[in-house]
>>> print(open('input.txt').read())   # compact mmCIF, C-alpha atoms
# COMPACT_ATOMS: atom_id res chain seq x y z
CA MET A 1 -3.53 -29.97 42.09
CA TRP A 2 -5.61 -28.60 39.21
CA SER A 3 -9.36 -28.21 39.66
CA PRO A 4 -11.64 -30.06 37.21
CA SER A 5 -12.70 -26.74 35.63
CA SER A 6 -9.03 -25.83 35.07
CA TRP A 7 -8.48 -29.16 33.36
CA ARG A 8 -11.53 -28.58 31.13
CA MET A 9 -10.29 -25.11 30.26
CA ALA A 10 -6.83 -26.42 29.42
CA GLN A 11 -8.37 -29.15 27.26
CA ARG A 12 -10.45 -26.65 25.36
CA ALA A 13 -7.43 -24.34 24.96
CA ALA A 14 -5.45 -27.20 23.46
CA THR A 15 -8.27 -27.92 21.01
CA TRP A 16 -9.29 -24.41 19.99
CA GLY A 17 -5.95 -22.73 20.48
CA ARG A 18 -5.24 -19.07 20.76
CA PRO A 19 -8.67 -17.54 20.05
CA TYR A 20 -10.05 -19.53 22.99
CA THR A 21 -7.15 -18.55 25.23
CA ASN A 22 -7.59 -14.88 24.31
CA PHE A 23 -11.31 -15.15 25.02
CA VAL A 24 -10.64 -16.70 28.44
CA LEU A 25 -8.15 -13.93 29.23
CA LEU A 26 -10.78 -11.35 28.23
CA CYS A 27 -13.35 -12.98 30.51
CA VAL A 28 -10.84 -12.94 33.36
CA SER A 29 -9.98 -9.26 32.81
CA ALA A 30 -13.69 -8.39 32.56
CA SER A 31 -14.48 -10.32 35.74
CA LEU A 32 -11.68 -8.50 37.56
CA ARG A 33 -13.22 -5.20 36.56
CA PHE A 34 -16.83 -6.10 37.31
CA ASN A 35 -18.30 -8.18 40.13
CA SER A 36 -20.30 -10.31 37.70
CA PHE A 37 -19.87 -10.03 33.97
CA ALA A 38 -21.88 -10.46 30.78
CA MET A 39 -20.92 -10.71 27.12
CA THR A 40 -21.03 -6.94 26.76
CA ASP A 41 -18.34 -6.65 29.43
CA VAL A 42 -16.13 -9.07 27.54
CA ILE A 43 -16.63 -6.99 24.39
CA GLN A 44 -15.81 -3.85 26.37
CA ALA A 45 -12.65 -5.49 27.73
CA TYR A 46 -11.65 -6.40 24.19
CA LEU A 47 -12.30 -2.89 22.83
CA ALA A 48 -10.22 -1.44 25.69
CA MET A 49 -7.14 -3.16 24.21
CA GLY A 50 -5.49 -3.45 27.61
CA GLY A 51 -5.76 0.31 28.14
CA TYR A 52 -4.21 1.23 24.81
CA ALA A 53 -7.45 1.66 22.89
CA ALA A 54 -6.73 5.33 22.16
CA PHE A 55 -3.67 4.27 20.15
CA VAL A 56 -4.59 0.92 18.57
CA TRP A 57 -8.03 1.71 17.14
CA PRO A 58 -7.07 5.07 15.56
CA ALA A 59 -4.20 3.29 13.80
CA TYR A 60 -6.57 0.76 12.25
CA ALA A 61 -9.21 3.41 11.52
CA LEU A 62 -6.62 5.63 9.80
CA ALA A 63 -5.45 2.71 7.67
CA ALA A 64 -9.03 1.93 6.65
CA VAL A 65 -9.81 5.56 5.79
CA VAL A 66 -6.62 6.12 3.78
CA LEU A 67 -6.74 2.86 1.82
CA VAL A 68 -10.49 2.85 1.14
CA GLY A 69 -10.29 6.55 0.23
CA LEU A 70 -7.43 5.91 -2.20
CA LEU A 71 -9.34 3.06 -3.83
CA ALA A 72 -12.52 5.13 -4.05
CA LEU A 73 -10.72 8.12 -5.61
CA SER A 74 -8.96 5.88 -8.15
CA LEU A 75 -12.22 4.16 -9.11
CA ARG A 76 -14.01 7.50 -9.44
CA ALA A 77 -11.28 8.87 -11.75
CA LEU A 78 -11.50 5.73 -13.89
CA ARG A 79 -15.30 5.94 -14.17
CA LYS A 80 -15.00 9.63 -15.09
CA ALA A 81 -12.45 8.92 -17.84
CA GLU A 82 -14.59 6.08 -19.22
CA ALA A 83 -17.69 8.28 -19.18
CA GLU A 84 -15.90 11.11 -20.96
CA LEU A 85 -14.66 8.78 -23.68
CA ALA A 86 -18.14 7.32 -24.10
CA ALA A 87 -19.62 10.84 -24.23
CA LEU A 88 -17.33 11.67 -27.15
CA GLY A 89 -19.27 8.99 -28.97
CA LEU A 90 -16.23 7.01 -30.05
CA SER A 91 -16.78 3.62 -31.65
CA LYS A 92 -15.55 0.58 -29.77
CA ARG A 93 -12.71 0.15 -32.26
CA GLU A 94 -11.46 3.69 -31.70
CA ARG A 95 -11.79 3.41 -27.95
CA ALA A 96 -9.62 0.27 -27.83
CA MET B 1 -5.72 -2.12 -34.30
CA GLN B 2 -4.83 1.56 -34.27
CA PRO B 3 -1.39 2.57 -35.54
CA ALA B 4 1.27 3.54 -33.02
CA ALA B 5 1.00 7.21 -34.07
CA ASN B 6 -2.46 7.39 -32.50
CA LEU B 7 -1.07 7.08 -28.95
CA GLY B 8 -1.55 10.02 -26.56
CA THR B 9 0.61 13.08 -26.30
CA ASN B 10 2.65 11.74 -23.39
CA VAL B 11 4.84 9.41 -25.50
CA ALA B 12 8.47 10.41 -26.07
CA PRO B 13 8.57 11.89 -29.57
CA ASP B 14 11.58 9.93 -30.70
CA HIS B 15 10.59 6.48 -29.46
CA ASN B 16 11.43 3.65 -31.82
CA PRO B 17 8.50 1.30 -32.55
CA ALA B 18 10.97 -1.38 -33.54
CA ILE B 19 12.18 -1.78 -29.95
CA MET B 20 8.75 -1.36 -28.35
CA HIS B 21 8.08 -4.31 -26.14
CA ARG B 22 4.97 -6.29 -26.99
CA PHE B 23 3.40 -5.37 -23.67
CA ALA B 24 3.86 -1.67 -24.38
CA ASN B 25 0.78 -1.66 -26.59
CA PRO B 26 -1.84 0.19 -24.51
CA ALA B 27 -4.75 -1.79 -25.95
CA ARG B 28 -3.04 -5.03 -25.00
CA PHE B 29 -2.29 -3.59 -21.55
CA GLN B 30 -5.99 -2.70 -21.06
CA ARG B 31 -6.99 -6.26 -21.94
CA ILE B 32 -4.43 -7.82 -19.59
CA ALA B 33 -5.36 -5.39 -16.81
CA ASN B 34 -9.09 -6.15 -17.19
CA ALA B 35 -8.40 -9.89 -17.08
CA VAL B 36 -6.16 -9.70 -14.04
CA LEU B 37 -7.95 -7.10 -11.89
CA PRO B 38 -10.80 -9.25 -10.48
CA TRP B 39 -8.33 -11.89 -9.27
CA PHE B 40 -6.15 -9.37 -7.47
CA ALA B 41 -9.22 -7.68 -6.00
CA ALA B 42 -10.50 -11.00 -4.65
CA ALA B 43 -7.04 -11.90 -3.32
CA THR B 44 -6.81 -8.52 -1.57
CA ALA B 45 -10.19 -8.98 0.13
CA LEU B 46 -9.33 -12.51 1.29
CA LEU B 47 -5.80 -11.72 2.48
CA LEU B 48 -6.81 -8.57 4.36
CA ALA B 49 -9.78 -10.33 5.98
CA ALA B 50 -7.56 -13.20 7.11
CA GLY B 51 -4.80 -10.82 8.16
CA LEU B 52 -7.18 -8.68 10.22
CA TYR B 53 -8.69 -11.75 11.89
CA PHE B 54 -5.27 -12.98 12.99
CA ALA B 55 -4.03 -9.49 13.82
CA LEU B 56 -6.98 -8.51 16.00
CA PHE B 57 -8.16 -11.87 17.40
CA ASP B 58 -5.91 -14.84 16.89
CA SER B 59 -2.53 -13.49 17.92
CA PRO B 60 -1.09 -12.96 21.38
CA ALA B 61 -0.36 -9.68 23.09
CA ASP B 62 3.30 -8.88 23.58
CA TYR B 63 4.80 -9.63 27.01
CA GLN B 64 6.31 -6.13 27.15
CA GLN B 65 4.18 -4.01 24.85
CA GLY B 66 0.77 -5.50 25.57
CA GLU B 67 -1.94 -4.89 23.01
CA THR B 68 -0.04 -2.04 21.29
CA VAL B 69 1.85 -4.72 19.37
CA ARG B 70 -1.27 -4.98 17.21
CA ILE B 71 -0.30 -1.63 15.67
CA MET B 72 2.67 -3.51 14.20
CA TYR B 73 0.33 -5.30 11.81
CA ILE B 74 -0.46 -1.96 10.16
CA HIS B 75 2.86 -0.19 10.69
CA VAL B 76 5.34 -2.78 9.36
CA PRO B 77 3.43 -3.79 6.19
CA ALA B 78 2.85 -0.11 5.39
CA ALA B 79 6.57 0.63 5.80
CA TRP B 80 7.48 -2.37 3.61
CA MET B 81 5.07 -1.12 0.94
CA ALA B 82 6.56 2.39 1.11
CA LEU B 83 10.01 0.98 0.32
CA PHE B 84 8.75 -1.53 -2.24
CA ILE B 85 6.72 1.05 -4.17
CA TYR B 86 9.62 3.50 -4.24
CA SER B 87 11.86 0.74 -5.65
CA PHE B 88 9.14 0.01 -8.21
CA ILE B 89 9.03 3.70 -9.20
CA ALA B 90 12.82 3.83 -9.48
CA ALA B 91 12.81 0.74 -11.73
CA ALA B 92 10.01 2.17 -13.87
CA SER B 93 11.86 5.50 -14.10
CA ALA B 94 15.01 3.69 -15.24
CA ALA B 95 13.00 1.82 -17.88
CA ALA B 96 11.48 5.09 -19.03
CA LEU B 97 14.79 6.95 -19.24
CA ILE B 98 16.97 4.18 -20.66
CA TRP B 99 14.63 2.19 -22.92
CA ARG B 100 11.85 4.78 -23.34
CA HIS B 101 9.26 2.08 -22.54
CA PRO B 102 5.93 3.91 -23.05
CA LEU B 103 4.16 2.24 -20.13
CA ALA B 104 7.01 2.88 -17.68
CA ASP B 105 6.14 6.58 -17.27
CA VAL B 106 2.49 5.65 -16.82
CA ALA B 107 3.41 3.10 -14.15
CA ALA B 108 5.61 5.53 -12.21
CA ARG B 109 2.94 8.25 -12.30
CA ALA B 110 0.26 5.80 -11.14
CA ALA B 111 2.31 4.30 -8.31
CA SER B 112 3.47 7.55 -6.70
CA PRO B 113 0.32 8.54 -4.77
CA VAL B 114 -0.09 4.97 -3.48
CA GLY B 115 3.45 5.00 -2.13
CA ALA B 116 2.86 8.39 -0.49
CA CYS B 117 -0.27 7.01 1.23
CA PHE B 118 1.58 3.98 2.61
CA THR B 119 4.49 6.15 3.81
CA PHE B 120 2.03 8.43 5.60
CA LEU B 121 0.38 5.39 7.18
CA ALA B 122 3.75 4.06 8.33
CA LEU B 123 4.65 7.41 9.92
CA ALA B 124 1.24 7.95 11.55
CA SER B 125 0.87 4.41 12.91
CA GLY B 126 4.46 4.59 14.09
CA SER B 127 3.66 7.79 16.03
CA LEU B 128 0.60 6.12 17.56
CA TRP B 129 2.83 3.22 18.61
CA GLY B 130 5.68 5.43 19.79
CA LYS B 131 3.63 7.60 22.14
CA PRO B 132 2.62 4.80 24.56
CA MET B 133 5.84 2.78 24.13
CA TRP B 134 8.60 5.40 23.84
CA GLY B 135 6.72 8.29 25.44
CA ALA B 136 7.14 10.46 22.34
CA TRP B 137 5.07 11.05 19.21
CA TRP B 138 8.25 11.73 17.24
CA VAL B 139 12.01 11.45 17.64
CA TRP B 140 14.64 12.53 15.15
CA ASP B 141 16.19 9.11 14.99
CA ALA B 142 17.79 7.74 11.81
CA ARG B 143 14.94 5.54 10.60
CA LEU B 144 12.11 7.99 11.32
CA THR B 145 14.01 10.86 9.70
CA SER B 146 14.92 8.88 6.57
CA VAL B 147 11.31 7.66 6.17
CA LEU B 148 10.13 11.27 6.48
CA ILE B 149 12.59 12.15 3.70
CA LEU B 150 11.10 9.29 1.66
CA PHE B 151 7.66 10.86 2.15
CA PHE B 152 8.98 14.21 0.87
CA LEU B 153 10.53 12.43 -2.11
CA TYR B 154 7.13 10.96 -2.97
CA LEU B 155 5.50 14.40 -2.70
CA GLY B 156 8.28 15.93 -4.80
CA HIS B 157 7.82 13.20 -7.42
CA MET B 158 4.07 13.88 -7.60
CA ALA B 159 4.65 17.65 -7.79
CA LEU B 160 7.29 17.40 -10.55
CA LEU B 161 4.97 15.32 -12.72
CA ARG B 162 2.49 18.20 -12.74
CA ALA B 163 4.98 21.10 -12.79
CA PHE B 164 5.51 21.34 -16.54
CA ASP B 165 3.13 22.21 -19.38
CA ASP B 166 4.75 19.46 -21.45
CA PRO B 167 3.95 16.17 -19.67
CA THR B 168 7.02 14.50 -21.22
CA ARG B 169 9.36 16.98 -19.51
CA GLY B 170 7.54 16.47 -16.22
CA ALA B 171 7.83 12.70 -16.55
CA ARG B 172 11.53 12.93 -17.31
CA SER B 173 12.30 15.28 -14.39
CA ALA B 174 10.29 13.10 -12.02
CA ALA B 175 12.13 10.01 -13.26
CA ILE B 176 15.50 11.63 -12.52
CA LEU B 177 14.31 12.61 -9.04
CA ALA B 178 13.10 9.06 -8.39
CA LEU B 179 16.47 7.59 -9.40
CA ALA B 180 18.48 10.15 -7.43
CA GLY B 181 16.34 9.51 -4.33
CA PHE B 182 16.72 5.74 -4.54
CA VAL B 183 19.86 5.96 -2.35
CA ASN B 184 17.42 6.63 0.54
CA VAL B 185 16.01 3.09 0.37
CA PRO B 186 19.13 1.22 1.58
CA ILE B 187 19.72 4.05 4.06
CA ILE B 188 16.29 3.37 5.58
CA LYS B 189 16.87 -0.38 5.64
CA PHE B 190 20.30 -0.21 7.31
CA SER B 191 19.71 2.90 9.43
CA VAL B 192 19.01 0.77 12.50
CA ASP B 193 22.41 -0.95 12.04
CA TRP B 194 24.49 2.07 11.08
CA TRP B 195 23.22 4.52 13.73
CA ASN B 196 22.38 4.32 17.40
CA THR B 197 18.58 4.43 16.98
CA LEU B 198 15.57 4.28 19.26
CA HIS B 199 13.74 2.33 16.56
CA GLN B 200 14.25 -1.39 17.11
CA PRO B 201 16.70 -3.29 14.88
CA ALA B 202 15.63 -5.66 12.13
CA SER B 203 13.78 -8.72 13.39
CA ILE B 204 12.45 -10.23 10.16
CA ILE B 205 14.72 -9.58 7.19
CA ARG B 206 18.05 -10.21 8.85
CA MET B 207 20.95 -12.64 8.87
CA GLY B 208 19.93 -15.79 10.71
CA GLY B 209 16.25 -15.54 9.77
CA PRO B 210 13.29 -13.93 11.51
CA SER B 211 13.46 -13.62 15.28
CA ILE B 212 9.75 -12.86 15.60
CA ASP B 213 7.38 -15.52 16.92
CA PRO B 214 5.46 -17.41 14.18
CA SER B 215 2.14 -16.46 15.79
CA MET B 216 2.99 -12.84 15.04
CA LEU B 217 4.77 -13.50 11.76
CA LEU B 218 1.64 -14.98 10.17
CA PRO B 219 -0.66 -11.94 10.46
CA LEU B 220 2.30 -9.73 9.53
CA LEU B 221 2.89 -11.62 6.28
CA LEU B 222 -0.83 -11.85 5.50
CA MET B 223 -1.24 -8.09 5.86
CA ALA B 224 1.95 -7.45 3.84
CA ILE B 225 0.86 -9.63 0.93
CA GLY B 226 -2.67 -8.16 1.18
CA PHE B 227 -1.24 -4.64 0.96
CA THR B 228 0.82 -5.71 -2.06
CA THR B 229 -2.18 -7.06 -3.96
CA PHE B 230 -4.05 -3.88 -2.98
CA PHE B 231 -1.20 -1.86 -4.52
CA VAL B 232 -1.45 -3.89 -7.74
CA VAL B 233 -5.22 -3.26 -7.92
CA VAL B 234 -4.91 0.49 -7.41
CA LEU B 235 -1.86 0.69 -9.74
CA LEU B 236 -3.75 -1.04 -12.57
CA LEU B 237 -6.81 1.16 -12.03
CA ARG B 238 -4.71 4.32 -12.16
CA MET B 239 -2.74 3.14 -15.20
CA LYS B 240 -6.00 2.36 -17.03
CA THR B 241 -7.26 5.86 -16.16
CA ASP B 242 -4.03 7.42 -17.40
CA LEU B 243 -4.16 5.58 -20.72
CA LEU B 244 -7.85 6.43 -21.21
CA ALA B 245 -7.09 10.08 -20.49
CA ALA B 246 -4.29 9.99 -23.07
CA ARG B 247 -6.64 8.48 -25.63
CA LEU B 248 -9.21 11.15 -24.76
CA ARG B 249 -6.65 13.89 -25.33
CA ALA B 250 -5.60 12.31 -28.65
CA ALA B 251 -9.22 11.98 -29.77
CA GLN B 252 -10.02 15.59 -28.84
CA PHE B 253 -6.87 16.75 -30.63
CA ALA B 254 -7.74 14.73 -33.75
CA ARG B 255 -11.28 16.15 -33.83
CA LEU B 256 -9.97 19.72 -33.77
CA GLN B 257 -7.88 19.08 -36.89
CA PRO B 258 -10.00 16.97 -39.26
CA ALA B 259 -7.71 17.60 -42.26
CA THR B 260 -4.69 15.97 -40.59
CA ALA B 261 -6.46 13.43 -38.33
CA ALA B 262 -4.77 10.01 -38.07
CA ARG B 263 -6.89 7.20 -39.55
>>> encode(input="input.txt", output="structure tokens")
Amino acid sequence: MWSPSSWRMAQRAATWGRPYTNFVLLCVSASLRFNSFAMTDVIQAYLAMGGYAAFVWPAYALAAVVLVGLLALSLRALRKAEAELAALGLSKRERA
Amino acid sequence: MQPAANLGTNVAPDHNPAIMHRFANPARFQRIANAVLPWFAAATALLLAAGLYFALFDSPADYQQGETVRIMYIHVPAAWMALFIYSFIAAASAAALIWRHPLADVAARAASPVGACFTFLALASGSLWGKPMWGAWWVWDARLTSVLILFFLYLGHMALLRAFDDPTRGARSAAILALAGFVNVPIIKFSVDWWNTLHQPASIIRMGGPSIDPSMLLPLLLMAIGFTTFFVVVLLLRMKTDLLAARLRAAQFARLQPATAAR
């Protein structure tokens, strides 16, 4: 009942698991959109996030901006405090 | 080793050195923080990289929500961090008020902005998830409203710390606010049980164990633990900065009065 290519796909899915299955689903969705598809179409299908790209990617981008920004601001304040203490010319013993 | 009197101006004037915990020594704290920071930084990078791989590649789409379920891997860990950090601030405030632990005030002050950031992330990612799934950017349901109140509590805490000329008074007022607002944390947790809410009920921390599929639970836990180690890194950095600033103030003060400078 199954074609040989379906068997091969199922075998590979069992071996490589979910990333392979997701990749196959992406290829299928890309091929439904385009008559023939290339890797760039698969990447486009992935970035489209099933039509919800306008919601999923801003959420991740916002998280990256907020967390990296917080880390950067904290590091900058620490460097500034260390520099100011060093500028006062304190000895290592006093600074500890 | 400098005497205890050489600490910054933000120490409670009547603190008793005899009951000061051994970890309260700022120099010892700096050493421990410097030793521990690289490990937490490395753990954060690894956990977030693994979490993002599973969240964005190696997890399935939801049968109802499609790919928007991937927002959950930002939204839920951020919300957990918002609650966890507020509980941490409440505990630190209690330690500061009851035992006058010198580092407790520093910890509460350092943690507050991080908690506010995570609460904002939880609210914003929740809105981005709610628009396609519920059809609304915002609803005044019990959980969303109580998390918004939590965000205002964080902002109020940060504002109170800076509202007074005397930093000790600011720290004490902020500590009382943190403790009074702690009642909001169980309200947020149980809001989905106590009220008829649009927000879904608990599916992970509930009686009978998690009802979420393991393929989704793994990236969720990886991101949550990664966010926690990130919080520790930023907390330690901010606490180090605070203690250095206190030492700077003390050194500047001592230089202005050479006749009475502490040795």
>>> axis_aligned_box(input="input.txt", around="region 236-251 of chain B", padding_each_side="8 Å", output="lines of an AutoDock Vina configuration file")
center_x = -6.0
center_y = 6.4
center_z = -20.9
size_x = 22.5
size_y = 30.9
size_z = 33.7
>>> residues_around(input="input.txt", residues="Ser112 (chain B)", least_positions_apart="5", cutoff="10 Å", atoms="all atoms listed in the file", output="ChimeraX atom specification")
/B:82,85-86,88-89,107,117,153-158,161,178,235
>>> write_last_selection(input="input.txt", atoms="C-alpha atoms", output="compact mmCIF listing (two decimals), in the coordinates of the input")
# COMPACT_ATOMS: atom_id res chain seq x y z
CA ALA B 82 6.56 2.39 1.11
CA ILE B 85 6.72 1.05 -4.17
CA TYR B 86 9.62 3.50 -4.24
CA PHE B 88 9.14 0.01 -8.21
CA ILE B 89 9.03 3.70 -9.20
CA ALA B 107 3.41 3.10 -14.15
CA CYS B 117 -0.27 7.01 1.23
CA LEU B 153 10.53 12.43 -2.11
CA TYR B 154 7.13 10.96 -2.97
CA LEU B 155 5.50 14.40 -2.70
CA GLY B 156 8.28 15.93 -4.80
CA HIS B 157 7.82 13.20 -7.42
CA MET B 158 4.07 13.88 -7.60
CA LEU B 161 4.97 15.32 -12.72
CA ALA B 178 13.10 9.06 -8.39
CA LEU B 235 -1.86 0.69 -9.74
>>> closest_residue(input="input.txt", among="B:Trp137, B:Val76, B:Leu52, B:Phe57", to="Phe23 (chain A)", atoms="only C-alpha atoms")
B:Phe57
>>> atom_distance(input="input.txt", atom1="CA of Leu198 (chain B)", atom2="CA of Tyr63 (chain B)")
19.2 Å
>>> atom_distance(input="input.txt", atom1="CA of Val28 (chain A)", atom2="CA of Val69 (chain B)")
20.6 Å
>>> atom_distance(input="input.txt", atom1="CA of Ala104 (chain B)", atom2="CA of Ala91 (chain B)")
8.6 Å
>>> closest_atom_pairs(input="input.txt", of="chain B", to="chain A", cutoff="8 Å", atoms="only C-alpha atoms", output="tab-separated table")
residue	atom	partner	partner_atom	distance
B:Met1	CA	A:Arg93	CA	7.6
B:Gln2	CA	A:Glu94	CA	7.4
B:Ala27	CA	A:Ala96	CA	5.6
B:Phe57	CA	A:Pro19	CA	6.3
B:Asp58	CA	A:Pro19	CA	5.0
B:Ser59	CA	A:Arg18	CA	6.8
B:Pro60	CA	A:Asn22	CA	7.4
B:Gly66	CA	A:Gly50	CA	6.9
B:Glu67	CA	A:Met49	CA	5.6
B:Thr68	CA	A:Val56	CA	6.1
B:Arg70	CA	A:Val56	CA	6.9
B:Ile71	CA	A:Val56	CA	5.8
B:Ile74	CA	A:Tyr60	CA	7.0
B:Val114	CA	A:Leu70	CA	7.5
B:Cys117	CA	A:Val66	CA	6.9
B:Leu121	CA	A:Ala63	CA	6.4
B:Ala124	CA	A:Ala59	CA	7.5
B:Ser125	CA	A:Ala59	CA	5.3
B:Leu128	CA	A:Phe55	CA	5.3
B:Trp129	CA	A:Phe55	CA	6.8
B:Pro132	CA	A:Phe55	CA	7.7
B:Val234	CA	A:Leu71	CA	6.2
B:Leu237	CA	A:Ser74	CA	6.5
B:Arg238	CA	A:Ser74	CA	6.0
B:Lys240	CA	A:Leu78	CA	7.2
B:Thr241	CA	A:Leu78	CA	4.8
B:Leu244	CA	A:Ala81	CA	6.2
B:Ala245	CA	A:Ala81	CA	6.1
B:Arg247	CA	A:Arg95	CA	7.6
B:Leu248	CA	A:Leu85	CA	6.0
>>> residues_around(input="input.txt", residues="Ala171 (chain B)", least_positions_apart="3", cutoff="8 Å", atoms="only C-alpha atoms", output="list in words")
Asp105, Arg109, Leu160, Leu161, Pro167, Thr168, Ala174 and Ala175 of chain B
>>> residues_near_point(input="input.txt", point="(-7.5, -6.1, -19.6)", cutoff="12 Å", atoms="all atoms listed in the file", output="list of chain:residue names")
A:Ala96, B:Phe23, B:Asn25, B:Pro26, B:Ala27, B:Arg28, B:Phe29, B:Gln30, B:Arg31, B:Ile32, B:Ala33, B:Asn34, B:Ala35, B:Val36, B:Leu37, B:Pro38, B:Trp39, B:Leu236, B:Leu237, B:Met239, B:Lys240
>>> closest_residue(input="input.txt", among="B:Ala61, B:Ala142, B:Met81, B:Ile98", to="Asp193 (chain B)", atoms="only C-alpha atoms")
B:Ala142
>>> closest_residue(input="input.txt", among="B:Val185, B:Ala163, B:Ile212, B:Met133", to="Trp80 (chain B)", atoms="only C-alpha atoms")
B:Val185
